[in-house]
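Text of the file model_14.csv, holding CSV, C-alpha atoms:
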chain,number,residue,atom,x,y,z
Y,1,MET,CA,-161.8,165.5,-131.7
Y,2,LEU,CA,-162.6,164.9,-128.0
Y,3,ILE,CA,-159.8,165.0,-125.6
Y,4,ILE,CA,-160.2,163.3,-122.2
Y,5,SER,CA,-157.7,164.2,-119.5
Y,6,GLU,CA,-156.4,162.0,-116.7
Y,7,GLN,CA,-158.6,163.9,-114.3
Y,8,ASP,CA,-161.7,163.4,-116.4
Y,9,ALA,CA,-161.0,159.7,-116.9
Y,10,ARG,CA,-160.8,159.1,-113.2
Y,11,ALA,CA,-164.1,161.1,-112.6
Y,12,LEU,CA,-165.9,159.2,-115.4
Y,13,VAL,CA,-165.0,155.6,-115.2
Y,14,GLY,CA,-165.6,153.2,-112.2
Y,15,VAL,CA,-164.4,149.7,-111.7
Y,16,GLU,CA,-167.8,148.0,-112.1
Y,17,ASP,CA,-168.4,149.6,-115.5
Y,18,VAL,CA,-164.9,148.6,-116.6
Y,19,ILE,CA,-165.4,145.0,-115.5
Y,20,ALA,CA,-168.6,144.8,-117.6
Y,21,ALA,CA,-167.0,146.4,-120.7
Y,22,VAL,CA,-163.8,144.3,-120.6
Y,23,GLU,CA,-165.9,141.1,-120.1
Y,24,LYS,CA,-167.8,141.9,-123.3
Y,25,SER,CA,-164.6,142.5,-125.1
Y,26,PHE,CA,-163.3,139.1,-124.0
Y,27,VAL,CA,-166.4,137.5,-125.4
Y,28,ALA,CA,-166.1,139.4,-128.7
Y,29,MET,CA,-162.6,138.1,-129.0
Y,30,ALA,CA,-163.7,134.5,-128.4
Y,31,ARG,CA,-166.4,134.8,-131.0
Y,32,GLY,CA,-164.0,136.2,-133.6
Y,33,VAL,CA,-165.6,139.6,-134.0
Y,34,ALA,CA,-162.8,141.4,-132.3
Y,35,ARG,CA,-159.1,141.1,-132.9
Y,36,ASN,CA,-155.9,142.4,-131.5
Y,37,TYR,CA,-153.2,143.3,-134.0
Y,38,PRO,CA,-149.5,142.5,-133.4
Y,39,VAL,CA,-147.9,144.4,-130.6
Y,40,VAL,CA,-144.9,146.7,-131.1
Y,41,ARG,CA,-142.7,146.9,-128.0
Y,42,GLU,CA,-139.2,148.2,-128.0
Y,43,VAL,CA,-136.4,149.5,-125.8
Y,44,VAL,CA,-136.1,153.2,-126.6
Y,45,GLY,CA,-132.4,153.7,-125.9
Y,46,TYR,CA,-133.2,156.9,-124.0
Y,47,GLN,CA,-134.1,157.4,-120.3
Y,48,ASP,CA,-134.0,153.6,-119.9
Y,49,ALA,CA,-137.6,153.6,-121.3
Y,50,VAL,CA,-139.6,150.9,-123.0
Y,51,PHE,CA,-142.2,152.0,-125.5
Y,52,GLY,CA,-145.0,150.1,-127.1
Y,53,VAL,CA,-148.1,150.3,-129.3
Y,54,LYS,CA,-151.1,148.0,-129.0
Y,55,THR,CA,-153.9,148.2,-131.6
Y,56,GLY,CA,-157.1,146.3,-132.5
Y,57,CYS,CA,-160.7,146.5,-133.7
Y,58,ASP,CA,-164.0,145.2,-132.4
Y,59,THR,CA,-166.3,145.1,-135.4
Y,60,SER,CA,-169.4,144.3,-133.3
Y,61,ALA,CA,-169.2,147.6,-131.3
Y,62,PRO,CA,-167.6,148.9,-133.5
Y,63,ILE,CA,-164.4,150.3,-131.9
Y,64,LEU,CA,-161.0,150.9,-133.6
Y,65,GLY,CA,-157.9,152.4,-132.2
Y,66,LEU,CA,-154.5,152.1,-130.5
Y,67,LYS,CA,-152.8,152.7,-127.2
Y,68,ALA,CA,-149.3,154.0,-127.1
Y,69,GLY,CA,-147.0,154.3,-124.1
Y,70,GLY,CA,-144.6,152.5,-121.9
Y,71,TYR,CA,-142.4,152.5,-118.9
Y,72,TRP,CA,-140.1,155.4,-117.9
Y,73,PRO,CA,-138.3,154.2,-114.7
Y,74,HIS,CA,-137.1,157.6,-113.7
Y,75,ASN,CA,-140.4,159.4,-113.6
Y,76,LEU,CA,-141.1,159.1,-109.9
Y,77,ALA,CA,-138.3,161.6,-109.3
Y,78,LEU,CA,-140.2,164.0,-111.5
Y,79,GLY,CA,-143.4,163.6,-109.7
Y,80,LEU,CA,-144.9,161.4,-112.4
Y,81,THR,CA,-145.9,157.7,-112.6
Y,82,ASN,CA,-143.5,155.4,-114.3
Y,83,HIS,CA,-146.1,154.0,-116.6
Y,84,GLN,CA,-147.4,156.6,-119.2
Y,85,SER,CA,-149.9,155.9,-122.0
Y,86,SER,CA,-152.6,157.4,-124.2
Y,87,THR,CA,-155.3,155.9,-126.3
Y,88,LEU,CA,-156.3,157.2,-129.7
Y,89,LEU,CA,-159.7,156.1,-131.1
Y,90,PHE,CA,-160.7,156.3,-134.7
Y,91,ASP,CA,-164.1,156.5,-136.4
Y,92,PRO,CA,-164.5,152.9,-137.8
Y,93,GLU,CA,-166.7,154.3,-140.6
Y,94,THR,CA,-164.1,156.7,-142.0
Y,95,GLY,CA,-160.8,156.1,-140.3
Y,96,ARG,CA,-160.7,159.6,-138.9
Y,97,ALA,CA,-159.3,160.1,-135.4
Y,98,SER,CA,-162.1,160.8,-133.0
Y,99,ALA,CA,-160.8,160.9,-129.5
Y,100,LEU,CA,-157.6,161.1,-127.5
Y,101,VAL,CA,-157.9,159.6,-124.0
Y,102,SER,CA,-155.3,159.7,-121.2
Y,103,ALA,CA,-154.8,156.1,-120.3
Y,104,ASN,CA,-152.7,155.9,-117.1
Y,105,TYR,CA,-155.7,155.4,-114.7
Y,106,LEU,CA,-157.6,153.5,-117.3
Y,107,THR,CA,-154.8,151.0,-117.9
Y,108,GLY,CA,-154.6,150.4,-114.1
Y,109,VAL,CA,-158.4,149.9,-113.7
Y,110,ARG,CA,-158.7,147.7,-116.8
Y,111,THR,CA,-155.8,145.4,-115.6
Y,112,GLY,CA,-157.6,145.0,-112.3
Y,113,ALA,CA,-160.8,144.3,-114.2
Y,114,ALA,CA,-159.3,141.6,-116.4
Y,115,SER,CA,-157.9,139.8,-113.3
Y,116,ALA,CA,-161.3,140.1,-111.5
Y,117,ILE,CA,-163.1,138.7,-114.5
Y,118,ALA,CA,-160.8,135.6,-114.4
Y,119,THR,CA,-161.4,135.4,-110.6
Y,120,LYS,CA,-165.2,135.6,-111.1
Y,121,TYR,CA,-165.3,132.7,-113.6
Y,122,LEU,CA,-162.4,130.5,-112.3
Y,123,SER,CA,-162.1,130.9,-108.5
Y,124,ARG,CA,-164.2,129.0,-106.0
Y,125,PRO,CA,-167.3,131.2,-105.2
Y,126,GLY,CA,-166.7,131.1,-101.5
Y,127,SER,CA,-163.1,132.4,-101.7
Y,128,THR,CA,-162.5,135.0,-99.0
Y,129,VAL,CA,-158.7,135.2,-98.6
Y,130,LEU,CA,-156.8,137.2,-101.2
Y,131,GLY,CA,-153.0,137.1,-101.6
Y,132,ILE,CA,-151.2,139.8,-103.5
Y,133,ILE,CA,-147.5,139.6,-104.6
Y,134,GLY,CA,-146.4,143.1,-105.4
Y,135,THR,CA,-148.0,146.1,-103.7
Y,136,GLY,CA,-147.1,148.9,-106.0
Y,137,VAL,CA,-149.6,151.2,-107.7
Y,138,GLN,CA,-151.5,148.3,-109.5
Y,139,SER,CA,-152.3,146.5,-106.2
Y,140,ALA,CA,-155.1,148.9,-105.2
Y,141,TYR,CA,-156.7,148.4,-108.6
Y,142,GLN,CA,-156.5,144.6,-108.2
Y,143,LEU,CA,-157.9,144.7,-104.7
Y,144,ARG,CA,-160.9,146.9,-105.5
Y,145,ALA,CA,-161.7,144.9,-108.6
Y,146,THR,CA,-161.5,141.6,-106.8
Y,147,LEU,CA,-163.9,142.9,-104.1
Y,148,ALA,CA,-166.4,143.6,-106.9
Y,149,VAL,CA,-166.6,139.8,-107.6
Y,150,ARG,CA,-165.7,137.9,-104.4
Y,151,PRO,CA,-166.4,138.4,-100.7
Y,152,ILE,CA,-162.8,139.1,-99.6
Y,153,ARG,CA,-162.3,139.4,-95.8
Y,154,LYS,CA,-158.6,139.1,-95.4
Y,155,VAL,CA,-155.6,140.1,-97.5
Y,156,TYR,CA,-152.1,138.7,-97.3
Y,157,ALA,CA,-149.4,140.7,-99.2
Y,158,TRP,CA,-145.7,140.8,-99.9
Y,159,ASP,CA,-143.5,143.4,-101.5
Y,160,PRO,CA,-139.7,144.0,-101.3
Y,161,SER,CA,-140.6,147.6,-100.3
Y,162,ALA,CA,-141.8,148.2,-96.7
Y,163,GLU,CA,-143.2,151.5,-97.8
Y,164,ASN,CA,-145.3,149.9,-100.5
Y,165,LEU,CA,-146.6,147.4,-98.0
Y,166,ALA,CA,-147.6,150.1,-95.6
Y,167,THR,CA,-149.3,152.2,-98.3
Y,168,PHE,CA,-151.2,149.2,-99.5
Y,169,GLY,CA,-152.2,148.4,-96.0
Y,170,ARG,CA,-153.9,151.8,-95.6
Y,171,THR,CA,-156.0,151.0,-98.6
Y,172,VAL,CA,-156.9,147.6,-97.2
Y,173,ALA,CA,-157.9,149.2,-93.9
Y,174,GLU,CA,-160.0,151.9,-95.6
Y,175,LEU,CA,-162.0,149.0,-97.2
Y,176,GLY,CA,-162.6,147.4,-93.8
Y,177,LEU,CA,-160.6,144.3,-94.4
Y,178,GLU,CA,-158.1,142.4,-92.3
Y,179,TYR,CA,-154.5,142.9,-93.4
Y,180,ALA,CA,-151.6,140.5,-93.0
Y,181,PRO,CA,-148.3,141.8,-94.6
Y,182,GLN,CA,-145.6,139.2,-94.9
Y,183,THR,CA,-141.9,139.1,-95.2
Y,184,ASP,CA,-141.8,136.3,-97.7
Y,185,CYS,CA,-143.8,135.2,-100.7
Y,186,GLN,CA,-144.4,131.7,-99.4
Y,187,ALA,CA,-146.5,132.9,-96.5
Y,188,VAL,CA,-148.8,134.7,-98.9
Y,189,ALA,CA,-149.2,131.8,-101.3
Y,190,VAL,CA,-149.9,129.1,-98.7
Y,191,ASN,CA,-152.8,131.2,-97.2
Y,192,ALA,CA,-154.5,132.4,-100.4
Y,193,ASP,CA,-157.7,131.3,-101.9
Y,194,ILE,CA,-157.1,133.8,-104.7
Y,195,LEU,CA,-153.4,134.7,-105.5
Y,196,ILE,CA,-152.6,137.7,-107.7
Y,197,THR,CA,-149.1,138.4,-108.8
Y,198,VAL,CA,-148.4,141.9,-110.2
Y,199,THR,CA,-144.7,142.6,-110.2
Y,200,PRO,CA,-142.0,143.4,-112.8
Y,201,SER,CA,-140.0,140.3,-111.7
Y,202,GLN,CA,-137.7,138.4,-114.0
Y,203,ARG,CA,-137.4,135.3,-111.8
Y,204,ALA,CA,-139.9,132.9,-110.2
Y,205,LEU,CA,-141.3,134.2,-107.0
Y,206,ILE,CA,-143.9,131.5,-106.3
Y,207,GLU,CA,-143.0,127.8,-106.1
Y,208,LYS,CA,-145.4,125.0,-107.0
Y,209,SER,CA,-145.3,123.4,-103.6
Y,210,TRP,CA,-146.5,126.6,-101.9
Y,211,VAL,CA,-149.9,126.7,-103.7
Y,212,ARG,CA,-152.8,124.9,-102.2
Y,213,ALA,CA,-155.3,122.7,-104.1
Y,214,GLY,CA,-158.3,124.8,-105.3
Y,215,THR,CA,-156.4,128.1,-105.5
Y,216,HIS,CA,-157.0,130.5,-108.4
Y,217,ILE,CA,-154.0,132.5,-109.6
Y,218,SER,CA,-154.1,135.6,-111.7
Y,219,ALA,CA,-150.6,136.2,-113.1
Y,220,MET,CA,-150.6,139.8,-114.2
Y,221,GLY,CA,-147.0,140.9,-114.2
Y,222,ALA,CA,-145.5,139.2,-117.2
Y,223,ASP,CA,-146.1,141.2,-120.4
Y,224,THR,CA,-142.6,141.2,-122.0
Y,225,LYS,CA,-140.1,138.6,-122.9
Y,226,GLY,CA,-138.1,137.7,-119.8
Y,227,LYS,CA,-140.6,138.6,-117.1
Y,228,GLN,CA,-141.5,135.8,-114.7
Y,229,GLU,CA,-143.4,135.4,-111.5
Y,230,LEU,CA,-144.2,131.7,-111.2
Y,231,ASP,CA,-142.3,128.4,-111.1
Y,232,PRO,CA,-142.7,126.9,-114.6
Y,233,ALA,CA,-143.6,123.6,-112.9
Y,234,LEU,CA,-146.6,125.4,-111.3
Y,235,VAL,CA,-147.7,126.7,-114.6
Y,236,ALA,CA,-147.4,123.3,-116.2
Y,237,SER,CA,-149.5,121.7,-113.4
Y,238,ALA,CA,-152.4,124.2,-113.5
Y,239,ALA,CA,-155.5,124.6,-115.6
Y,240,LEU,CA,-154.4,127.4,-118.0
Y,241,PHE,CA,-156.5,130.2,-119.2
Y,242,VAL,CA,-155.3,133.3,-121.1
Y,243,ASP,CA,-156.5,136.6,-122.5
Y,244,GLU,CA,-154.7,135.8,-125.8
Y,245,ALA,CA,-152.9,132.6,-126.5
Y,246,ALA,CA,-150.2,133.9,-128.8
Y,247,GLN,CA,-149.2,136.6,-126.3
Y,248,ALA,CA,-149.3,134.2,-123.4
Y,249,ILE,CA,-146.6,131.8,-124.8
Y,250,THR,CA,-144.4,134.6,-126.1
Y,251,ILE,CA,-144.5,137.4,-123.6
Y,252,GLY,CA,-146.7,136.2,-120.7
Y,253,GLU,CA,-146.2,134.0,-117.7
Y,254,CYS,CA,-146.6,130.9,-119.9
Y,255,GLN,CA,-143.5,131.7,-122.0
Y,256,HIS,CA,-141.1,130.0,-119.6
Y,257,ALA,CA,-143.0,126.7,-119.3
Y,258,TYR,CA,-143.5,126.8,-123.1
Y,259,ASN,CA,-139.8,127.5,-123.8
Y,260,ALA,CA,-138.8,124.7,-121.5
Y,261,GLY,CA,-141.1,122.2,-123.3
Y,262,LEU,CA,-143.3,121.7,-120.2
Y,263,ILE,CA,-146.4,123.0,-122.1
Y,264,THR,CA,-147.5,123.5,-125.7
Y,265,GLN,CA,-150.2,125.9,-127.0
Y,266,GLN,CA,-152.6,122.9,-126.8
Y,267,SER,CA,-152.0,122.8,-123.1
Y,268,LEU,CA,-154.0,126.0,-122.7
Y,269,ARG,CA,-157.6,125.1,-121.9
Y,270,GLY,CA,-158.9,128.3,-123.5
Y,271,SER,CA,-159.3,132.0,-123.3
Y,272,ILE,CA,-161.2,133.6,-120.5
Y,273,GLY,CA,-163.6,134.9,-123.2
Y,274,ALA,CA,-164.3,131.3,-124.3
Y,275,VAL,CA,-165.1,130.4,-120.7
Y,276,ILE,CA,-167.5,133.4,-120.4
Y,277,ALA,CA,-169.2,132.5,-123.7
Y,278,GLY,CA,-169.6,128.9,-122.8
Y,279,LEU,CA,-167.2,127.7,-125.5
Y,280,CYS,CA,-164.9,125.9,-123.1
Y,281,ASP,CA,-164.8,124.6,-119.6
Y,282,GLY,CA,-163.6,126.7,-116.7
Y,283,ARG,CA,-162.8,125.2,-113.3
Y,284,ARG,CA,-163.6,121.5,-113.4
Y,285,SER,CA,-163.3,120.7,-109.7
Y,286,ALA,CA,-162.9,122.3,-106.3
Y,287,GLU,CA,-159.3,120.9,-106.0
Y,288,GLU,CA,-158.1,122.2,-109.4
Y,289,ILE,CA,-155.5,125.0,-109.4
Y,290,THR,CA,-156.6,127.5,-112.1
Y,291,LEU,CA,-154.2,130.0,-113.6
Y,292,PHE,CA,-155.1,133.1,-115.7
Y,293,ASP,CA,-152.1,134.5,-117.7
Y,294,GLY,CA,-153.1,138.2,-118.2
Y,295,THR,CA,-150.7,139.8,-120.7
Y,296,GLY,CA,-152.9,142.8,-121.5
Y,297,VAL,CA,-154.5,143.2,-124.9
Y,298,ALA,CA,-155.3,146.2,-127.0
Y,299,LEU,CA,-159.1,145.6,-126.9
Y,300,GLN,CA,-159.1,146.0,-123.1
Y,301,ASP,CA,-157.7,149.5,-123.6
Y,302,LEU,CA,-160.0,150.4,-126.4
Y,303,VAL,CA,-163.2,149.4,-124.7
Y,304,VAL,CA,-162.4,151.4,-121.6
Y,305,ALA,CA,-161.4,154.4,-123.7
Y,306,ASP,CA,-164.7,154.1,-125.6
Y,307,LEU,CA,-166.5,153.9,-122.3
Y,308,ALA,CA,-164.9,157.1,-121.1
Y,309,VAL,CA,-165.8,158.8,-124.4
Y,310,ARG,CA,-169.5,157.8,-124.1
Y,311,LEU,CA,-169.7,158.8,-120.5
Y,312,ALA,CA,-168.0,162.2,-121.2
Y,313,ALA,CA,-170.6,162.9,-123.9
Y,314,GLU,CA,-173.4,162.1,-121.5
Y,315,ARG,CA,-172.0,164.3,-118.7
Y,316,GLY,CA,-170.5,167.1,-120.8
Y,317,LEU,CA,-166.9,166.4,-119.8
Y,318,GLY,CA,-163.8,166.4,-121.9
Y,319,SER,CA,-162.5,169.1,-124.3
Y,320,ARG,CA,-163.3,169.3,-128.0
Y,321,VAL,CA,-160.8,170.7,-130.5
Y,322,ALA,CA,-161.0,171.2,-134.2
Y,323,TYR,CA,-159.2,168.6,-136.2

This entry written out as structure tokens:
Amino acid sequence: MLIISEQDARALVGVEDVIAAVEKSFVAMARGVARNYPVVREVVGYQDAVFGVKTGCDTSAPILGLKAGGYWPHNLALGLTNHQSSTLLFDPETGRASALVSANYLTGVRTGAASAIATKYLSRPGSTVLGIIGTGVQSAYQLRATLAVRPIRKVYAWDPSAENLATFGRTVAELGLEYAPQTDCQAVAVNADILITVTPSQRALIEKSWVRAGTHISAMGADTKGKQELDPALVASAALFVDEAAQAITIGECQHAYNAGLITQQSLRGSIGAVIAGLCDGRRSAEEITLFDGTGVALQDLVVADLAVRLAAERGLGSRVAY
């Protein structure tokens, strides 16, 4: 078995390669040759942790495996990140475990990649102003991935933590962009061509009236029942795209509009994979507000872990153990 450490994963995998890999996985899902299996996600009852397992298979690759991990809210005091996860890949021919890959960095970069892919296909090509709601660890991944697909010049941002805003500001400055931190979410939303929400919020942070015509929104924070970042009326008024429909209406941003009867599953225009594959329309006009509900699916994790394994084999990284 090949074991890839967190350090090796960071050294091996870059954002452009991840965008390409995740884009292919979205298309495979849309064409029915890749499938995510039901998610297990539970409150642990210890250390206030939430633990989950995501699994799936892409028969066209082929790739088979699972990612296990979750959220440990007290980890920062221990010098660790709150999100911890690992991916286990299996040989699709025999079912034997073939690789164990540290997935903390890879989860961050694949989440940024998924958002960027939606931005690439749904936002207006000339979009130059990015708004980010939530400037924790994930915000840097979102920024770097967005820069790979759109010519961003200015970044508006909001976070309840002044320290987070300042840390994110240093990243923005390093990339040579203009930075405009804000004290309220409205100021971010009204100025953004592309709006990314990436928080653990359980209440609406963005109101419908704040969002300009033509804006693209990537809602990346809601991945559990109860999480919410957007006004349900905003969700109901937008052109809706998802990574996976069943997850979007049960654990994603769409859950609240769905539960309120404002949308049905038929309200979803399609998956982002279907847009990429030409199986459904993307943006239909310059004035349309497009919304991508990114809940995170197993295949995103599996394809980036497989990418790390292949690059490790090419470069002689990772550790092999008898199994």

Worksheet item: Contacts of Phe292 in chain Y at 9 Å or less, counting only C-alpha atoms, minus same-chain residues fewer than 3 places along, as a PyMOL selection string?
Response: chain Y and resi 115+118-119+122+216-220+239-243+271-272

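The space between CA of Lys208 in chain Y and CA of Val172 in chain Y spans 27.2 Å.
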
Worksheet item: Can you tell me, as number ranges by chain, what residues are no more than 10 Å from range 135-141 of chain Y when counting all atoms listed in the file, ignoring any on the same chain fewer than 5 positions away?
Response: Y: 15, 81-83, 105, 107-113, 115-116, 146, 157-169, 171-172, 196-199, 220-221

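Using only C-alpha atoms, the shortest contact distance between Gly134 in chain Y and any of Y:Leu76, Y:Ala148, Y:Ala313, Y:Leu205 is found at Y:Leu205.
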
Worksheet item: When you draw a straight line from CA of Val33 in chain Y to CA of Asp58 in chain Y, how long is it in Å?
Response: 6.0 Å

Discussion item. I'd like to know which of Y:Arg10, Y:Trp72, Y:Leu106, Y:Ser25 is closest to Gly45 in chain Y, using only C-alpha atoms.
Written reply: Y:Trp72

Worksheet item: Hey, can you pull every residue with an atom no more than 12 Å from (-138.0, 140.1, -126.1), using only C-alpha atoms, and send it as a PyMOL selection string?
Response: chain Y and resi 39-43+50+222-227+247+250-252+255

Just to be explicit: take each residue in the selection above, keep C-alpha atoms, and write the result as a compact mmCIF listing (two decimals), in the coordinates of the input.
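So result_19.txt came out as:
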# COMPACT_ATOMS: atom_id res chain seq x y z
CA VAL Y 39 -147.90 144.40 -130.60
CA VAL Y 40 -144.90 146.70 -131.10
CA ARG Y 41 -142.70 146.90 -128.00
CA GLU Y 42 -139.20 148.20 -128.00
CA VAL Y 43 -136.40 149.50 -125.80
CA VAL Y 50 -139.60 150.90 -123.00
CA ALA Y 222 -145.50 139.20 -117.20
CA ASP Y 223 -146.10 141.20 -120.40
CA THR Y 224 -142.60 141.20 -122.00
CA LYS Y 225 -140.10 138.60 -122.90
CA GLY Y 226 -138.10 137.70 -119.80
CA LYS Y 227 -140.60 138.60 -117.10
CA GLN Y 247 -149.20 136.60 -126.30
CA THR Y 250 -144.40 134.60 -126.10
CA ILE Y 251 -144.50 137.40 -123.60
CA GLY Y 252 -146.70 136.20 -120.70
CA GLN Y 255 -143.50 131.70 -122.00

Worksheet item: Ala204 in chain Y: which residues within 9 Å, counting all atoms listed in the file, same-chain residues fewer than 3 positions away excluded, as a VMD selection string?
Response: chain Y and resid 201 207 227 to 232

Practice prompt. Go through Y:Leu66, Y:Leu234, Y:Val44, Y:Val149 one by one, measure the shortest atom-to-atom distance of each to Val101 in chain Y using only C-alpha atoms, and give the residue with the smallest value.
Written response: Y:Leu66
